[in-house]
Amino acid sequence: MNGINLFPLFLSFKVASASVAIALITGIPLAYFLSRNKNRLSYFIDSLMNLPIIFPPTVLGYYLLVLLGRQSHIGKFLENNFDIMIVFTPLGAVLASTIVSIPYLIKAAKVSFEEVDKDYINAARVMGKTETVIFFTIILPIAWRGVISGVSMAFARALGDFGTTLMVAGSIPDETLTMPIAIYNSLQADDGKTANIMVLIMTIIALATLFIISRLSYKRKGERNA
Amino acid sequence: MKIFRLIFTLLLLYNTSGTNLHPENRQSKDITIAAAADLVLAFSEIGKLFEKTYGIRTKIIYSSSGTAREQIANGAPFDIYASANIKFVDDLIKAGKIIPDTQELYGIGRVGAATSVKTKLRISSLNDLLKSDYKKIAIADPSHAPYGLAAKQTLEKLGLWDKLKDKMIYAKDIQHSLSLLNTGNVEAAFISLSVVNTKKVNFYLADDKLHAPLKQSIAVVKGTKKEMEARKFIKFVNGTEGRKIMIKYGFILPDGK
């Protein structure tokens with residue numbers, strides 16, 4: 001094999017970034033909800049959120065394939081009316097890695113929302129601030145570090161996902177073949193050299209990205225030591 | 001706290017004294033076989049018959065031939081390696097992980113395309129796959145899976161590969177390819193004749209002159225403590241009873257042996 005196709009690397013980073021973005025948009029409100037409500041429903045949702053971690057990734061991928069695949073109600077509807085397929089597309093890969101990574105973000109964000117001192121919130125309420133304003137100007141800035149640590153864990157998990165993506169995305173070269181699967185394929189083809197180089201490239205870039213993300217949590221507050 | 005410590009200790013004791021964790025404590029006559037995914041049906045039957053005949057139990061681990069090769073290269077405690085590609089066994093002989101004189105050709109696989117009986121689709125020629133009814137087609141990844149490669153070679157010979165490329169979904173092995181078909185996510189799937197279940201799929205057998213022969217090779221892994229039993233199993237696969245079963249599942253027997 002001459003030269004290494006870097007498409008899987010770029011795809012993996014795009015997929016992981018998109019997954020984290022989706023995880024942030026949907027996960028932060030959910031984490032906030034879970035941190036504010038302590039009742040049966042919230043405990044149930046909280047437990048439910050752990051399922052993607054409990055399931056073996058390939059099994060999870062299989063269920064996604066059945067649930068969102070071309071024979072599912074959703075899959076059939078989208079294909080017949082809009083000619084859209086979720087599975088075997090980059091969108092499928094994004095969906096797979098969002099589902100496997102979102103629990104990490106929710107867990108970390110929930111805990112840090114819970115730890116925000118109630119006095120600050122109550123003080124803001126006394127001053128007549130709305131709940132939305134309080135969330136964005138007080139709770140989120142204070143809980144920032146926890147959210148960032150959740151983001152980095154979710155990003156790492158999304159980037160490295162193998163099993164779920166393997167089942168849902170279809171491993172199509174130059175289309176849905178992500179880095180972990182490309183590495184697996186080289187190993188299977190007894191091409192350890194290519195695999196090692198790909199692992200090295202991926203490790204360096206992933207570490208650099210995670211480093212930048214964790215630096216972000218300190219930069220934000222303008223202090224260096226925790 | 002004390003009670004937790006007690007439970008923990010008990011669990012630890014239970015685990016370390018369990019026989020399964022120590023390969024040397026395994027029942028002395030069991031043999032462990034790493035077999036290619038296309039052997040699922042045939043070897044399960046051969047294994048049962050072998051046990052009945054010799055009283056030696058077989059534990060068969062089915063995976064893609066490439067996975068098993070990597071595992072054996074890294075010292076996996078298998079007694080036998082049954083590969084869907086003779087080259088993989090040769091690789092391991094070169095690496096000194098196989099007892100060279102135990103290697104035997106035991107069958108030649110056949111590849112083809114399957115459709116689900118739940119649909120009306122039936123393949124009568126591989127050209128049918130060009131039709132718009134076939135939106136997605138599963139194939140075991142040709143970069144490492146023997147049957148995927150054979151399917152790709154066939155399509156290339158027929159001048160169909162470039163036209164069908166955009167429909168292809170890459171599975172990790174033929175079992176995965178079959179499961180994509182069974183869940184209705186692809187309209188057709190390339191699989192081996194040996195895993196065809198006629199209750200579930202219709203199968204179109206490809207002309208085997210269009211691809212390199214799928215030579216299946218079996219050998220004893222070096223370092224096994226059960227070389228005698230393992231050799232016996234290989235002889236059994238290639239003997240009258242074994243061959244009968246291999247033929248039943250659509251393998252062609254290697255000539256000259």
# chains A, B, ... in the order shown; residues from 1 in each chain; ligands from 1
>>> residues_around(residues="Ile234 (chain B)", least_positions_apart="3", cutoff="9 Å", atoms="only C-alpha atoms", output="PyMOL selection string")
chain B and resi 80+102-104+106+218-220+229-231+237-239
>>> interface_residues(of="chain A", to="chain B", cutoff="8 Å", atoms="only C-alpha atoms", output="mmCIF file with C-alpha atoms, in the first residue's frame")
data_model
loop_
_atom_site.group_PDB
_atom_site.id
_atom_site.type_symbol
_atom_site.label_atom_id
_atom_site.label_comp_id
_atom_site.auth_asym_id
_atom_site.auth_seq_id
_atom_site.Cartn_x
_atom_site.Cartn_y
_atom_site.Cartn_z
ATOM 1 C CA LEU A 65 -29.850 -0.693 12.205
ATOM 2 C CA VAL A 66 -33.170 -2.312 13.025
ATOM 3 C CA GLY A 69 -32.602 1.023 9.109
ATOM 4 C CA ARG A 70 -34.321 0.744 5.788
ATOM 5 C CA GLN A 71 -37.011 -1.618 7.065
ATOM 6 C CA PHE A 88 -24.847 3.711 5.334
ATOM 7 C CA LEU A 166 -19.280 -0.502 11.799
ATOM 8 C CA GLY A 170 -21.433 0.511 6.101
ATOM 9 C CA SER A 171 -17.651 1.179 5.913
ATOM 10 C CA ILE A 172 -17.825 2.553 2.364
ATOM 11 C CA ASN A 185 -9.193 -3.272 7.960
ATOM 12 C CA SER A 186 -5.430 -2.799 7.589
ATOM 13 C CA LEU A 187 -4.812 -5.116 10.513
ATOM 14 C CA GLN A 188 -7.134 -7.677 8.974
ATOM 15 C CA ALA A 189 -5.269 -7.412 5.687
ATOM 16 C CA ASP A 190 -2.028 -8.075 7.588
#
>>> select_by_dssp(residues="region 31-237 of chain B", states="alpha helix (DSSP H)", output="ChimeraX atom specification")
/B:40-54,65-73,86-94,146-157,161-164,174-182,227-237
>>> write_last_selection(atoms="C-alpha atoms", output="PDB file, in the first residue's frame")
ATOM      1  CA  VAL B  40     -20.415 -21.956  10.817  1.00  0.00           C
ATOM      2  CA  LEU B  41     -22.864 -24.592   9.620  1.00  0.00           C
ATOM      3  CA  ALA B  42     -20.454 -27.249   8.353  1.00  0.00           C
ATOM      4  CA  PHE B  43     -18.067 -27.271  11.312  1.00  0.00           C
ATOM      5  CA  SER B  44     -20.823 -27.259  13.918  1.00  0.00           C
ATOM      6  CA  GLU B  45     -22.049 -30.500  12.391  1.00  0.00           C
ATOM      7  CA  ILE B  46     -18.584 -31.981  11.927  1.00  0.00           C
ATOM      8  CA  GLY B  47     -17.662 -31.018  15.494  1.00  0.00           C
ATOM      9  CA  LYS B  48     -20.661 -32.867  16.909  1.00  0.00           C
ATOM     10  CA  LEU B  49     -19.956 -35.968  14.862  1.00  0.00           C
ATOM     11  CA  PHE B  50     -16.288 -35.882  15.815  1.00  0.00           C
ATOM     12  CA  GLU B  51     -17.182 -35.722  19.487  1.00  0.00           C
ATOM     13  CA  LYS B  52     -19.538 -38.663  19.104  1.00  0.00           C
ATOM     14  CA  THR B  53     -16.885 -40.709  17.284  1.00  0.00           C
ATOM     15  CA  TYR B  54     -13.805 -39.988  19.399  1.00  0.00           C
ATOM     16  CA  SER B  65      -9.935 -15.576   8.890  1.00  0.00           C
ATOM     17  CA  GLY B  66      -7.912 -12.385   9.223  1.00  0.00           C
ATOM     18  CA  THR B  67      -8.837 -11.925  12.873  1.00  0.00           C
ATOM     19  CA  ALA B  68      -7.906 -15.498  13.742  1.00  0.00           C
ATOM     20  CA  ARG B  69      -4.592 -15.132  11.919  1.00  0.00           C
ATOM     21  CA  GLU B  70      -3.683 -12.025  13.943  1.00  0.00           C
ATOM     22  CA  GLN B  71      -4.700 -13.781  17.148  1.00  0.00           C
ATOM     23  CA  ILE B  72      -2.602 -16.855  16.390  1.00  0.00           C
ATOM     24  CA  ALA B  73       0.351 -14.703  15.324  1.00  0.00           C
ATOM     25  CA  ILE B  86      -4.845 -20.709   2.195  1.00  0.00           C
ATOM     26  CA  LYS B  87      -2.574 -17.652   2.087  1.00  0.00           C
ATOM     27  CA  PHE B  88      -3.337 -16.844   5.724  1.00  0.00           C
ATOM     28  CA  VAL B  89      -2.130 -20.303   6.802  1.00  0.00           C
ATOM     29  CA  ASP B  90       0.989 -19.872   4.687  1.00  0.00           C
ATOM     30  CA  ASP B  91       1.629 -16.543   6.420  1.00  0.00           C
ATOM     31  CA  LEU B  92       1.511 -18.261   9.793  1.00  0.00           C
ATOM     32  CA  ILE B  93       3.792 -21.058   8.626  1.00  0.00           C
ATOM     33  CA  LYS B  94       6.317 -18.396   7.628  1.00  0.00           C
ATOM     34  CA  PRO B 146     -11.717 -13.907   1.075  1.00  0.00           C
ATOM     35  CA  TYR B 147     -15.316 -14.123  -0.144  1.00  0.00           C
ATOM     36  CA  GLY B 148     -15.533 -10.377  -0.591  1.00  0.00           C
ATOM     37  CA  LEU B 149     -12.443 -10.472  -2.739  1.00  0.00           C
ATOM     38  CA  ALA B 150     -13.816 -13.351  -4.823  1.00  0.00           C
ATOM     39  CA  ALA B 151     -17.077 -11.446  -5.323  1.00  0.00           C
ATOM     40  CA  LYS B 152     -15.204  -8.329  -6.364  1.00  0.00           C
ATOM     41  CA  GLN B 153     -13.048 -10.306  -8.821  1.00  0.00           C
ATOM     42  CA  THR B 154     -16.174 -11.830 -10.323  1.00  0.00           C
ATOM     43  CA  LEU B 155     -17.861  -8.460 -10.772  1.00  0.00           C
ATOM     44  CA  GLU B 156     -14.687  -7.011 -12.255  1.00  0.00           C
ATOM     45  CA  LYS B 157     -14.464  -9.849 -14.779  1.00  0.00           C
ATOM     46  CA  TRP B 161     -17.768  -3.591 -10.443  1.00  0.00           C
ATOM     47  CA  ASP B 162     -17.432   0.064 -11.435  1.00  0.00           C
ATOM     48  CA  LYS B 163     -21.140   0.321 -12.129  1.00  0.00           C
ATOM     49  CA  LEU B 164     -22.106  -1.317  -8.833  1.00  0.00           C
ATOM     50  CA  ILE B 174     -19.897 -12.878   5.251  1.00  0.00           C
ATOM     51  CA  GLN B 175     -21.898 -13.323   8.453  1.00  0.00           C
ATOM     52  CA  HIS B 176     -22.179  -9.563   8.778  1.00  0.00           C
ATOM     53  CA  SER B 177     -23.081  -9.336   5.079  1.00  0.00           C
ATOM     54  CA  LEU B 178     -25.834 -11.894   5.629  1.00  0.00           C
ATOM     55  CA  SER B 179     -27.178 -10.041   8.656  1.00  0.00           C
ATOM     56  CA  LEU B 180     -27.456  -6.828   6.612  1.00  0.00           C
ATOM     57  CA  LEU B 181     -29.629  -8.809   4.211  1.00  0.00           C
ATOM     58  CA  ASN B 182     -31.700 -10.477   6.924  1.00  0.00           C
ATOM     59  CA  GLU B 227      -1.343 -32.166  18.724  1.00  0.00           C
ATOM     60  CA  MET B 228      -2.540 -35.783  18.494  1.00  0.00           C
ATOM     61  CA  GLU B 229      -6.187 -34.836  18.943  1.00  0.00           C
ATOM     62  CA  ALA B 230      -5.824 -31.894  16.596  1.00  0.00           C
ATOM     63  CA  ARG B 231      -4.289 -34.039  13.863  1.00  0.00           C
ATOM     64  CA  LYS B 232      -7.133 -36.484  14.345  1.00  0.00           C
ATOM     65  CA  PHE B 233      -9.669 -33.717  13.785  1.00  0.00           C
ATOM     66  CA  ILE B 234      -8.029 -32.591  10.550  1.00  0.00           C
ATOM     67  CA  LYS B 235      -8.028 -36.173   9.287  1.00  0.00           C
ATOM     68  CA  PHE B 236     -11.678 -36.381  10.253  1.00  0.00           C
ATOM     69  CA  VAL B 237     -12.614 -33.227   8.315  1.00  0.00           C
TER      70      VAL B 237
END
>>> closest_residue(among="A:Phe7, A:Phe155, A:Phe82, A:Tyr104", to="Ser19 (chain A)", atoms="only C-alpha atoms")
A:Phe155
>>> atom_distance(atom1="CA of Ile123 (chain B)", atom2="CA of Asn85 (chain B)")
26.7 Å
>>> residues_around(residues="Asp79 (chain B)", least_positions_apart="5", cutoff="7 Å", atoms="only C-alpha atoms", output="list in words")
Ile31, Thr32, Ile33, Val220, Val221, Thr224, Lys226 and Ala230 of chain B
>>> write_last_selection(atoms="N, CA, C and O atoms", output="mmCIF file, in the first residue's frame")
data_model
loop_
_atom_site.group_PDB
_atom_site.id
_atom_site.type_symbol
_atom_site.label_atom_id
_atom_site.label_comp_id
_atom_site.auth_asym_id
_atom_site.auth_seq_id
_atom_site.Cartn_x
_atom_site.Cartn_y
_atom_site.Cartn_z
ATOM 1 N N ILE B 31 -10.551 -29.771 22.232
ATOM 2 C CA ILE B 31 -9.707 -28.997 21.339
ATOM 3 C C ILE B 31 -10.420 -27.710 20.930
ATOM 4 O O ILE B 31 -11.639 -27.678 20.798
ATOM 5 N N THR B 32 -9.614 -26.676 20.782
ATOM 6 C CA THR B 32 -10.153 -25.369 20.441
ATOM 7 C C THR B 32 -9.794 -25.051 18.989
ATOM 8 O O THR B 32 -8.645 -25.167 18.595
ATOM 9 N N ILE B 33 -10.813 -24.677 18.218
ATOM 10 C CA ILE B 33 -10.604 -24.457 16.787
ATOM 11 C C ILE B 33 -10.997 -23.029 16.415
ATOM 12 O O ILE B 33 -12.108 -22.590 16.731
ATOM 13 N N VAL B 220 -2.572 -27.404 12.262
ATOM 14 C CA VAL B 220 -2.425 -27.432 13.718
ATOM 15 C C VAL B 220 -1.527 -26.266 14.142
ATOM 16 O O VAL B 220 -0.492 -26.010 13.525
ATOM 17 N N VAL B 221 -1.953 -25.568 15.181
ATOM 18 C CA VAL B 221 -1.196 -24.423 15.686
ATOM 19 C C VAL B 221 -0.005 -24.916 16.514
ATOM 20 O O VAL B 221 -0.150 -25.825 17.336
ATOM 21 N N THR B 224 0.583 -26.284 20.655
ATOM 22 C CA THR B 224 -0.591 -26.920 21.255
ATOM 23 C C THR B 224 -0.157 -28.129 22.077
ATOM 24 O O THR B 224 0.819 -28.797 21.754
ATOM 25 N N LYS B 226 -2.271 -30.492 22.460
ATOM 26 C CA LYS B 226 -3.145 -31.566 21.963
ATOM 27 C C LYS B 226 -2.903 -31.841 20.492
ATOM 28 O O LYS B 226 -3.853 -31.937 19.707
ATOM 29 N N ALA B 230 -5.626 -32.865 17.666
ATOM 30 C CA ALA B 230 -5.824 -31.894 16.596
ATOM 31 C C ALA B 230 -5.602 -32.536 15.227
ATOM 32 O O ALA B 230 -6.373 -32.325 14.292
#
>>> atom_distance(atom1="CA of Ala206 (chain B)", atom2="CA of Leu160 (chain B)")
13.2 Å
>>> atom_distance(atom1="CA of Tyr134 (chain B)", atom2="CA of Thr198 (chain B)")
20.2 Å
>>> residues_around(residues="Thr165 (chain A)", least_positions_apart="5", cutoff="12 Å", atoms="only C-alpha atoms", output="PyMOL selection string")
(chain A and resi 12+15-16+57-65+87-100+157-160+170-172+176-182) or (chain B and resi 170-172)
>>> residues_around(residues="Leu253 (chain B)", least_positions_apart="6", cutoff="12 Å", atoms="only C-alpha atoms", output="list in words")
Glu104, Leu105, Tyr106, Gly107, Ile108, Gly109, Arg110, Pro213, Leu214, Lys215, Gln216, Ser217, Val237, Asn238, Gly239, Thr240, Gly242, Arg243, Lys244, Ile245, Met246 and Ile247 of chain B
>>> decode(residues="region 205-216 of chain B", atoms="all heavy atoms", output="mmCIF file, in the first residue's frame")
data_model
loop_
_atom_site.group_PDB
_atom_site.id
_atom_site.type_symbol
_atom_site.label_atom_id
_atom_site.label_comp_id
_atom_site.auth_asym_id
_atom_site.auth_seq_id
_atom_site.Cartn_x
_atom_site.Cartn_y
_atom_site.Cartn_z
ATOM 1 N N LEU B 205 -25.612 -18.618 -7.477
ATOM 2 C CA LEU B 205 -24.223 -19.048 -7.370
ATOM 3 C C LEU B 205 -23.418 -18.462 -8.533
ATOM 4 O O LEU B 205 -23.777 -18.620 -9.695
ATOM 5 C CB LEU B 205 -24.178 -20.576 -7.411
ATOM 6 C CG LEU B 205 -22.835 -21.234 -7.127
ATOM 7 C CD1 LEU B 205 -22.364 -20.939 -5.712
ATOM 8 C CD2 LEU B 205 -22.927 -22.734 -7.347
ATOM 9 N N ALA B 206 -22.335 -17.787 -8.193
ATOM 10 C CA ALA B 206 -21.508 -17.182 -9.251
ATOM 11 C C ALA B 206 -20.626 -18.242 -9.894
ATOM 12 O O ALA B 206 -20.268 -19.242 -9.256
ATOM 13 C CB ALA B 206 -20.651 -16.070 -8.656
ATOM 14 N N ASP B 207 -20.286 -18.007 -11.142
ATOM 15 C CA ASP B 207 -19.401 -18.912 -11.873
ATOM 16 C C ASP B 207 -18.011 -18.868 -11.234
ATOM 17 O O ASP B 207 -17.406 -17.801 -11.123
ATOM 18 C CB ASP B 207 -19.340 -18.424 -13.338
ATOM 19 C CG ASP B 207 -18.508 -19.369 -14.205
ATOM 20 O OD1 ASP B 207 -17.846 -20.260 -13.643
ATOM 21 O OD2 ASP B 207 -18.531 -19.191 -15.433
ATOM 22 N N ASP B 208 -17.535 -20.033 -10.797
ATOM 23 C CA ASP B 208 -16.252 -20.006 -10.077
ATOM 24 C C ASP B 208 -15.034 -19.868 -10.995
ATOM 25 O O ASP B 208 -13.908 -19.813 -10.518
ATOM 26 C CB ASP B 208 -16.103 -21.196 -9.122
ATOM 27 C CG ASP B 208 -16.150 -22.518 -9.842
ATOM 28 O OD1 ASP B 208 -16.443 -22.518 -11.053
ATOM 29 O OD2 ASP B 208 -15.895 -23.553 -9.191
ATOM 30 N N LYS B 209 -15.278 -19.788 -12.294
ATOM 31 C CA LYS B 209 -14.148 -19.525 -13.204
ATOM 32 C C LYS B 209 -13.817 -18.036 -13.225
ATOM 33 O O LYS B 209 -12.809 -17.616 -13.777
ATOM 34 C CB LYS B 209 -14.480 -20.000 -14.621
ATOM 35 C CG LYS B 209 -14.519 -21.509 -14.751
ATOM 36 C CD LYS B 209 -14.724 -21.910 -16.220
ATOM 37 C CE LYS B 209 -15.307 -23.309 -16.320
ATOM 38 N NZ LYS B 209 -16.788 -23.309 -16.066
ATOM 39 N N LEU B 210 -14.710 -17.230 -12.650
ATOM 40 C CA LEU B 210 -14.530 -15.781 -12.709
ATOM 41 C C LEU B 210 -13.696 -15.212 -11.555
ATOM 42 O O LEU B 210 -13.424 -14.023 -11.499
ATOM 43 C CB LEU B 210 -15.893 -15.086 -12.741
ATOM 44 C CG LEU B 210 -16.759 -15.400 -13.972
ATOM 45 C CD1 LEU B 210 -18.139 -14.794 -13.815
ATOM 46 C CD2 LEU B 210 -16.090 -14.885 -15.244
ATOM 47 N N HIS B 211 -13.313 -16.076 -10.617
ATOM 48 C CA HIS B 211 -12.481 -15.569 -9.514
ATOM 49 C C HIS B 211 -11.446 -16.619 -9.117
ATOM 50 O O HIS B 211 -11.590 -17.796 -9.454
ATOM 51 C CB HIS B 211 -13.348 -15.187 -8.312
ATOM 52 C CG HIS B 211 -14.155 -16.330 -7.753
ATOM 53 N ND1 HIS B 211 -13.614 -17.273 -6.903
ATOM 54 C CD2 HIS B 211 -15.447 -16.692 -7.927
ATOM 55 C CE1 HIS B 211 -14.558 -18.151 -6.572
ATOM 56 N NE2 HIS B 211 -15.676 -17.830 -7.187
ATOM 57 N N ALA B 212 -10.433 -16.169 -8.420
ATOM 58 C CA ALA B 212 -9.406 -17.097 -7.940
ATOM 59 C C ALA B 212 -10.068 -18.093 -6.995
ATOM 60 O O ALA B 212 -10.983 -17.723 -6.248
ATOM 61 C CB ALA B 212 -8.318 -16.321 -7.212
ATOM 62 N N PRO B 213 -9.656 -19.377 -7.042
ATOM 63 C CA PRO B 213 -10.323 -20.362 -6.193
ATOM 64 C C PRO B 213 -10.204 -20.035 -4.709
ATOM 65 O O PRO B 213 -9.167 -19.568 -4.259
ATOM 66 C CB PRO B 213 -9.590 -21.666 -6.523
ATOM 67 C CG PRO B 213 -8.341 -21.278 -7.218
ATOM 68 C CD PRO B 213 -8.606 -19.957 -7.876
ATOM 69 N N LEU B 214 -11.313 -20.249 -3.985
ATOM 70 C CA LEU B 214 -11.346 -19.972 -2.551
ATOM 71 C C LEU B 214 -10.857 -21.196 -1.786
ATOM 72 O O LEU B 214 -11.641 -21.950 -1.209
ATOM 73 C CB LEU B 214 -12.772 -19.606 -2.136
ATOM 74 C CG LEU B 214 -13.221 -18.214 -2.557
ATOM 75 C CD1 LEU B 214 -14.730 -18.147 -2.703
ATOM 76 C CD2 LEU B 214 -12.738 -17.192 -1.546
ATOM 77 N N LYS B 215 -9.549 -21.369 -1.824
ATOM 78 C CA LYS B 215 -8.968 -22.560 -1.206
ATOM 79 C C LYS B 215 -8.975 -22.444 0.306
ATOM 80 O O LYS B 215 -8.431 -21.511 0.874
ATOM 81 C CB LYS B 215 -7.531 -22.741 -1.694
ATOM 82 C CG LYS B 215 -7.437 -23.217 -3.124
ATOM 83 C CD LYS B 215 -5.981 -23.476 -3.462
ATOM 84 C CE LYS B 215 -5.819 -23.750 -4.943
ATOM 85 N NZ LYS B 215 -4.409 -23.669 -5.339
ATOM 86 N N GLN B 216 -9.617 -23.417 0.926
ATOM 87 C CA GLN B 216 -9.728 -23.435 2.380
ATOM 88 C C GLN B 216 -8.677 -24.374 2.946
ATOM 89 O O GLN B 216 -8.552 -25.506 2.505
ATOM 90 C CB GLN B 216 -11.109 -23.963 2.779
ATOM 91 C CG GLN B 216 -12.241 -23.417 1.952
ATOM 92 C CD GLN B 216 -12.924 -22.267 2.603
ATOM 93 O OE1 GLN B 216 -13.256 -22.324 3.775
ATOM 94 N NE2 GLN B 216 -13.130 -21.209 1.862
#
